[in-house]
There are 2 protein chains.
Amino acid sequence: MNKIITISREFGSGGRELGRRLAEYLGYAYYDKEVISEIAKNTSLSEQYVQQVTEKNQSLLYPITVAQTFCYYDMYAVHQTQKIFSEQEKVLKQMAEKSNCVIVGRCADYILKDYNPFKIFVYSDKQSKIKRCFNKRAKDGEDITEKKIKKFLKNIDKGRSRFYSLYTGQTWGDKLNYDMCINTSNVVIKDIVPHIGDIFK
Amino acid sequence: MNKIITISREFGSGGRELGRRLAEYLGYAYYDKEVISEIAKNTSLSEQYVQQVTEKNQSLLYPITVAQTFCYYDMYAVHQTQKIFSEQEKVLKQMAEKSNCVIVGRCADYILKDYNPFKIFVYSDKQSKIKRCFNKRAKDGEDITEKKIKKFLKNIDKGRSRFYSLYTGQTWGDKLNYDMCINTSNVVIKDIVPHIGDIFK
């Protein structure tokens with residue numbers, strides 16, 4: 001069976017960078033946004049729409065109670081969402097069967113549980129997350145303020161938590177769902193990658 | 001500065017074994033019950049009493065409100081408890097200054113924060129903890145039942161949590177207080193020690 005490492009992460013914790021560098025260090029395949037592209041290709045939906053459903057707007061999935069009966073906000077949207085979820089499972093399993101790999105996000109820890117992945121959760125304190133986000137966005141030339149970043153942090157992690165909970169029935173970030181949790185507060189990601197990577201050698 | 005690794009752990013998670021084997025693997029000093037012995041020696045209190053105060057009975061520290069005034073349950077006991085706490089800090093700092101070391105429990109992660117320790121929290125799922133405890137005690141020839149073990153697990157971790165919170169003002173087991181959290185569910189401790197140990201090489 002291939003070696004699968006899944007990375008779940010708080011926004012701004014450097015989890016994506018850790019995943020990418022870990023894959024490079026180990027010579028494993030790396031999947032992150034590639035999952036979105038693959039789903040979009042297979043479902044003929046736009047990448048933007050797939051990303052929105054899997055990362056941002058899960059409310060479409062909730063039934064709304066009206067006068068003691070259940071109706072759906074938009075049956076077409078619900079159908080599309082279910083189609084995307086089902087495709088996501090298929091795509092992740094294909095990736096897991098192809099080769100050793102690192103997969104960031106996408107509830108891969110849960111979806112691939114039969115493949116016995118090593119599940120990592122990456123987190124850090126608020127100040128480190130703000131600093132990391134600020135530096136990255138400022139470097140990319142974005143006009144950003146600390147206030148905006150704080151809002152991002154809150155909203156994005158709220159979305160991730162809701163999505164994970166909805167999809168898996170588990171609590172996002174609960175230690176028990178992961179094999180290892182890594183605190184990246186005041187840590188330079190590239191410095192810790194060889195240490196983490198050697199666990200898998 | 002010496003390398004200090006602190007291990008906090010859930011009862012039955014194998015954290016003590018992990019700490020001991022990690023110290024052996026790295027050639028570091030190992031401190032666990034040694035802290036109790038040292039405090040007892042320095043305070044002329046019995047090891048049993050010191051252990052009780054630092055592990056089991058913290059209620060002596062709480063002021064009791066009676067008719068809008070504060071009185072203490074037992075001033076002598078409170079004084080002894082404070083003496084033990086103060087000595088614990090002194091002993092841990094002496095150990096940290098002596099050589100590289102692994103320290104299990106004793107709020108060392110908090111007390112030694114100025115020494116920049118690497119803080120590990122070891123945890124596992126309930127079934128693994130029960131199994132680990134059962135096997136260990138049955139091996140030691142103890143007449144034990146699963147029901148008794150469940151009670152132990154609950155009470156001991158409750159005590160540790162209360163002690164940690166009282167002493168540090170932080171939440172025991174909260175990921176943010178540790179650099180790394182390791183899930184030992186279905187894990188053979190001695191098999192993971194070289195992987196964890198190599199992080200420090």
# chains A, B, ... in the order shown; residues from 1 in each chain; ligands from 1
>>> interface_residues(of="chain B", to="chain A", cutoff="10 Å", atoms="only C-alpha atoms", output="PyMOL selection string")
chain B and resi 119-126+173-185+187+192-201
>>> residues_around(residues="segment 19-27 of chain A", least_positions_apart="4", cutoff="7 Å", atoms="only C-alpha atoms", output="PyMOL selection string")
chain A and resi 7+15+101-102+104+193+197
>>> write_last_selection(atoms="all heavy atoms", output="PDB file, in the first residue's frame")
ATOM      1  N   ILE A   7      -2.529  16.381   5.287  1.00  0.00           N
ATOM      2  CA  ILE A   7      -2.261  17.579   6.084  1.00  0.00           C
ATOM      3  C   ILE A   7      -3.550  18.381   6.224  1.00  0.00           C
ATOM      4  O   ILE A   7      -4.109  18.842   5.226  1.00  0.00           O
ATOM      5  CB  ILE A   7      -1.215  18.504   5.407  1.00  0.00           C
ATOM      6  CG1 ILE A   7       0.032  17.736   4.981  1.00  0.00           C
ATOM      7  CG2 ILE A   7      -0.912  19.721   6.263  1.00  0.00           C
ATOM      8  CD1 ILE A   7       1.172  17.719   5.920  1.00  0.00           C
ATOM      9  N   GLY A  15       0.669  25.277   6.908  1.00  0.00           N
ATOM     10  CA  GLY A  15       0.425  23.856   6.638  1.00  0.00           C
ATOM     11  C   GLY A  15       0.582  23.493   5.176  1.00  0.00           C
ATOM     12  O   GLY A  15       1.129  22.437   4.845  1.00  0.00           O
ATOM     13  N   CYS A 101       2.001   9.789  -1.543  1.00  0.00           N
ATOM     14  CA  CYS A 101       1.628  11.196  -1.774  1.00  0.00           C
ATOM     15  C   CYS A 101       1.337  11.964  -0.487  1.00  0.00           C
ATOM     16  O   CYS A 101       1.087  11.376   0.568  1.00  0.00           O
ATOM     17  CB  CYS A 101       0.423  11.289  -2.700  1.00  0.00           C
ATOM     18  SG  CYS A 101      -1.046  10.467  -2.110  1.00  0.00           S
ATOM     19  N   VAL A 102       1.393  13.285  -0.616  1.00  0.00           N
ATOM     20  CA  VAL A 102       0.978  14.212   0.440  1.00  0.00           C
ATOM     21  C   VAL A 102      -0.251  14.943  -0.088  1.00  0.00           C
ATOM     22  O   VAL A 102      -0.209  15.486  -1.196  1.00  0.00           O
ATOM     23  CB  VAL A 102       2.096  15.237   0.761  1.00  0.00           C
ATOM     24  CG1 VAL A 102       1.610  16.249   1.795  1.00  0.00           C
ATOM     25  CG2 VAL A 102       3.362  14.542   1.259  1.00  0.00           C
ATOM     26  N   VAL A 104      -3.095  17.889   0.848  1.00  0.00           N
ATOM     27  CA  VAL A 104      -3.438  18.985   1.764  1.00  0.00           C
ATOM     28  C   VAL A 104      -4.945  19.238   1.724  1.00  0.00           C
ATOM     29  O   VAL A 104      -5.532  19.420   0.653  1.00  0.00           O
ATOM     30  CB  VAL A 104      -2.677  20.278   1.386  1.00  0.00           C
ATOM     31  CG1 VAL A 104      -3.140  21.452   2.236  1.00  0.00           C
ATOM     32  CG2 VAL A 104      -1.175  20.077   1.571  1.00  0.00           C
ATOM     33  N   VAL A 193      11.037  20.709   8.091  1.00  0.00           N
ATOM     34  CA  VAL A 193      10.643  19.670   7.126  1.00  0.00           C
ATOM     35  C   VAL A 193      11.531  18.420   7.169  1.00  0.00           C
ATOM     36  O   VAL A 193      11.016  17.299   7.220  1.00  0.00           O
ATOM     37  CB  VAL A 193      10.542  20.268   5.696  1.00  0.00           C
ATOM     38  CG1 VAL A 193      10.489  19.182   4.634  1.00  0.00           C
ATOM     39  CG2 VAL A 193       9.294  21.141   5.618  1.00  0.00           C
ATOM     40  N   GLY A 197      10.041  14.926   7.885  1.00  0.00           N
ATOM     41  CA  GLY A 197      10.171  13.991   6.761  1.00  0.00           C
ATOM     42  C   GLY A 197      10.861  12.702   7.154  1.00  0.00           C
ATOM     43  O   GLY A 197      10.473  11.617   6.708  1.00  0.00           O
TER      44      GLY A 197
END
>>> closest_residue(among="B:Asn2, B:Asn186, B:Ser8, B:Gln88", to="Asn42 of chain B", atoms="only C-alpha atoms")
B:Gln88
>>> closest_residue(among="B:Lys93, B:Arg132, B:Lys147, B:Lys158", to="Ser13 of chain B", atoms="only C-alpha atoms")
B:Arg132
>>> select_by_dssp(residues="chain A", states="helix (DSSP H, G or I)", output="ChimeraX atom specification")
/A:15-26,33-43,47-56,59-61,75-98,108-111,113-115,126-139,146-168,175-177,189-198
>>> residues_around(residues="Lys150 of chain B", least_positions_apart="2", cutoff="12 Å", atoms="only C-alpha atoms", output="PyMOL selection string")
chain B and resi 11-12+126-134+144-148+152-157
>>> closest_residue(among="A:Thr54, A:Asn135, A:Gln48, A:Gln80", to="Gly14 of chain A", atoms="only C-alpha atoms")
A:Asn135
>>> residues_around(residues="Arg160 of chain B", least_positions_apart="4", cutoff="8 Å", atoms="only C-alpha atoms", output="list in words")
Glu55, Lys56, Ile156, Tyr164 and Trp172 of chain B
>>> write_last_selection(atoms="N, CA, C and O atoms", output="PDB file, in the first residue's frame")
ATOM      1  N   GLU B  55       0.025  15.354  42.695  1.00  0.00           N
ATOM      2  CA  GLU B  55      -0.695  14.549  41.705  1.00  0.00           C
ATOM      3  C   GLU B  55      -2.165  14.335  42.009  1.00  0.00           C
ATOM      4  O   GLU B  55      -2.966  14.136  41.112  1.00  0.00           O
ATOM      5  N   LYS B  56      -2.509  14.340  43.299  1.00  0.00           N
ATOM      6  CA  LYS B  56      -3.877  13.900  43.589  1.00  0.00           C
ATOM      7  C   LYS B  56      -4.782  14.942  44.219  1.00  0.00           C
ATOM      8  O   LYS B  56      -5.877  15.187  43.766  1.00  0.00           O
ATOM      9  N   ILE B 156      -7.622  10.044  37.219  1.00  0.00           N
ATOM     10  CA  ILE B 156      -6.231  10.521  37.159  1.00  0.00           C
ATOM     11  C   ILE B 156      -6.111  11.700  36.188  1.00  0.00           C
ATOM     12  O   ILE B 156      -5.498  12.714  36.500  1.00  0.00           O
ATOM     13  N   TYR B 164      -2.815  21.089  36.578  1.00  0.00           N
ATOM     14  CA  TYR B 164      -2.173  21.897  35.537  1.00  0.00           C
ATOM     15  C   TYR B 164      -2.831  23.270  35.425  1.00  0.00           C
ATOM     16  O   TYR B 164      -2.155  24.296  35.357  1.00  0.00           O
ATOM     17  N   TRP B 172      -5.041  22.133  30.274  1.00  0.00           N
ATOM     18  CA  TRP B 172      -4.261  20.900  30.067  1.00  0.00           C
ATOM     19  C   TRP B 172      -4.719  20.237  28.769  1.00  0.00           C
ATOM     20  O   TRP B 172      -5.929  20.091  28.535  1.00  0.00           O
TER      21      TRP B 172
END
>>> select_by_dssp(residues="segment 31-162 of chain A", states="strand (DSSP E or B)", output="number ranges by chain")
A: 31, 64-66, 69-71, 101-104, 118-123
>>> write_last_selection(atoms="all heavy atoms", output="compact mmCIF listing (two decimals), in the first residue's frame")
# COMPACT_ATOMS: atom_id res chain seq x y z
N TYR A 31 -0.63 16.84 -3.71
CA TYR A 31 -1.95 17.23 -4.21
C TYR A 31 -2.58 18.26 -3.29
O TYR A 31 -2.66 18.08 -2.08
CB TYR A 31 -2.88 16.02 -4.29
CG TYR A 31 -2.37 14.93 -5.20
CD1 TYR A 31 -2.06 13.66 -4.68
CD2 TYR A 31 -2.19 15.14 -6.56
CE1 TYR A 31 -1.60 12.65 -5.51
CE2 TYR A 31 -1.72 14.13 -7.40
CZ TYR A 31 -1.43 12.89 -6.86
OH TYR A 31 -0.96 11.89 -7.68
N ILE A 64 -33.85 23.31 4.82
CA ILE A 64 -34.47 24.41 5.56
C ILE A 64 -35.88 23.98 5.97
O ILE A 64 -36.66 23.51 5.14
CB ILE A 64 -34.53 25.69 4.69
CG1 ILE A 64 -33.11 26.09 4.27
CG2 ILE A 64 -35.22 26.83 5.43
CD1 ILE A 64 -33.09 27.05 3.11
N THR A 65 -36.18 24.10 7.24
CA THR A 65 -37.49 23.67 7.71
C THR A 65 -38.50 24.79 7.52
O THR A 65 -38.29 25.90 7.98
CB THR A 65 -37.42 23.33 9.22
OG1 THR A 65 -36.36 22.41 9.39
CG2 THR A 65 -38.72 22.73 9.70
N VAL A 66 -39.56 24.50 6.82
CA VAL A 66 -40.61 25.50 6.62
C VAL A 66 -41.95 24.84 6.96
O VAL A 66 -42.32 23.83 6.37
CB VAL A 66 -40.66 25.99 5.15
CG1 VAL A 66 -41.75 27.05 4.99
CG2 VAL A 66 -39.32 26.54 4.73
N THR A 69 -42.32 21.10 7.29
CA THR A 69 -41.91 20.22 6.19
C THR A 69 -40.50 20.61 5.76
O THR A 69 -40.03 21.71 6.06
CB THR A 69 -42.83 20.38 4.97
OG1 THR A 69 -42.70 21.71 4.50
CG2 THR A 69 -44.29 20.08 5.31
N PHE A 70 -39.85 19.71 5.10
CA PHE A 70 -38.51 20.02 4.63
C PHE A 70 -38.55 20.38 3.14
O PHE A 70 -39.19 19.71 2.35
CB PHE A 70 -37.59 18.80 4.77
CG PHE A 70 -37.21 18.56 6.20
CD1 PHE A 70 -37.92 17.66 6.97
CD2 PHE A 70 -36.14 19.24 6.78
CE1 PHE A 70 -37.57 17.44 8.29
CE2 PHE A 70 -35.80 19.02 8.09
CZ PHE A 70 -36.51 18.12 8.86
N CYS A 71 -37.91 21.45 2.84
CA CYS A 71 -37.73 21.73 1.42
C CYS A 71 -36.27 22.14 1.24
O CYS A 71 -35.57 22.37 2.21
CB CYS A 71 -38.67 22.82 0.93
SG CYS A 71 -38.29 24.41 1.62
N CYS A 101 2.00 9.79 -1.54
CA CYS A 101 1.63 11.20 -1.77
C CYS A 101 1.34 11.96 -0.49
O CYS A 101 1.09 11.38 0.57
CB CYS A 101 0.42 11.29 -2.70
SG CYS A 101 -1.05 10.47 -2.11
N VAL A 102 1.39 13.28 -0.62
CA VAL A 102 0.98 14.21 0.44
C VAL A 102 -0.25 14.94 -0.09
O VAL A 102 -0.21 15.49 -1.20
CB VAL A 102 2.10 15.24 0.76
CG1 VAL A 102 1.61 16.25 1.80
CG2 VAL A 102 3.36 14.54 1.26
N ILE A 103 -1.33 14.93 0.69
CA ILE A 103 -2.55 15.62 0.26
C ILE A 103 -2.92 16.67 1.30
O ILE A 103 -3.02 16.37 2.48
CB ILE A 103 -3.73 14.63 0.09
CG1 ILE A 103 -3.34 13.52 -0.91
CG2 ILE A 103 -4.98 15.36 -0.40
CD1 ILE A 103 -4.37 12.40 -1.02
N VAL A 104 -3.10 17.89 0.85
CA VAL A 104 -3.44 18.99 1.76
C VAL A 104 -4.95 19.24 1.72
O VAL A 104 -5.53 19.42 0.65
CB VAL A 104 -2.68 20.28 1.39
CG1 VAL A 104 -3.14 21.45 2.24
CG2 VAL A 104 -1.17 20.08 1.57
N PHE A 118 -1.12 8.75 7.26
CA PHE A 118 -0.58 9.39 8.46
C PHE A 118 -1.16 10.80 8.46
O PHE A 118 -0.92 11.59 7.55
CB PHE A 118 0.95 9.42 8.42
CG PHE A 118 1.53 9.84 9.75
CD1 PHE A 118 1.79 8.91 10.74
CD2 PHE A 118 1.80 11.19 10.01
CE1 PHE A 118 2.31 9.29 11.97
CE2 PHE A 118 2.31 11.58 11.24
CZ PHE A 118 2.56 10.63 12.22
N LYS A 119 -1.93 11.09 9.50
CA LYS A 119 -2.72 12.32 9.52
C LYS A 119 -2.07 13.40 10.38
O LYS A 119 -1.91 13.23 11.58
CB LYS A 119 -4.12 12.00 10.05
CG LYS A 119 -4.88 11.03 9.15
CD LYS A 119 -6.10 10.45 9.83
CE LYS A 119 -5.71 9.42 10.85
NZ LYS A 119 -6.84 8.77 11.52
N ILE A 120 -1.71 14.49 9.74
CA ILE A 120 -1.06 15.60 10.45
C ILE A 120 -2.01 16.79 10.53
O ILE A 120 -2.68 17.12 9.54
CB ILE A 120 0.24 16.02 9.72
CG1 ILE A 120 1.25 14.86 9.71
CG2 ILE A 120 0.85 17.27 10.35
CD1 ILE A 120 2.55 15.17 8.96
N PHE A 121 -2.06 17.44 11.68
CA PHE A 121 -2.79 18.71 11.80
C PHE A 121 -1.78 19.80 12.14
O PHE A 121 -0.98 19.65 13.07
CB PHE A 121 -3.85 18.62 12.91
CG PHE A 121 -4.75 19.84 12.94
CD1 PHE A 121 -5.85 19.93 12.10
CD2 PHE A 121 -4.50 20.90 13.80
CE1 PHE A 121 -6.67 21.05 12.10
CE2 PHE A 121 -5.31 22.03 13.82
CZ PHE A 121 -6.41 22.10 12.96
N VAL A 122 -1.79 20.86 11.36
CA VAL A 122 -0.83 21.96 11.56
C VAL A 122 -1.58 23.18 12.11
O VAL A 122 -2.61 23.57 11.57
CB VAL A 122 -0.13 22.32 10.22
CG1 VAL A 122 0.96 23.36 10.46
CG2 VAL A 122 0.46 21.07 9.58
N TYR A 123 -1.04 23.74 13.18
CA TYR A 123 -1.72 24.87 13.83
C TYR A 123 -0.67 25.83 14.36
O TYR A 123 0.52 25.50 14.45
CB TYR A 123 -2.61 24.37 14.98
CG TYR A 123 -1.86 23.69 16.09
CD1 TYR A 123 -1.58 24.36 17.29
CD2 TYR A 123 -1.39 22.38 15.95
CE1 TYR A 123 -0.87 23.74 18.31
CE2 TYR A 123 -0.68 21.76 16.97
CZ TYR A 123 -0.44 22.44 18.14
OH TYR A 123 0.27 21.83 19.15
>>> atom_distance(atom1="atom CA of Val78 of chain A", atom2="atom CA of Gln94 of chain A")
24.5 Å
>>> residues_around(residues="Lys33 of chain A", least_positions_apart="2", cutoff="10 Å", atoms="only C-alpha atoms", output="PyMOL selection string")
chain A and resi 30-31+35-38+47+51+103-106
>>> residues_around(residues="Met1 of chain A", least_positions_apart="3", cutoff="10 Å", atoms="only C-alpha atoms", output="NGL selection string")
:A and (4 or 96-100 or 115-116)
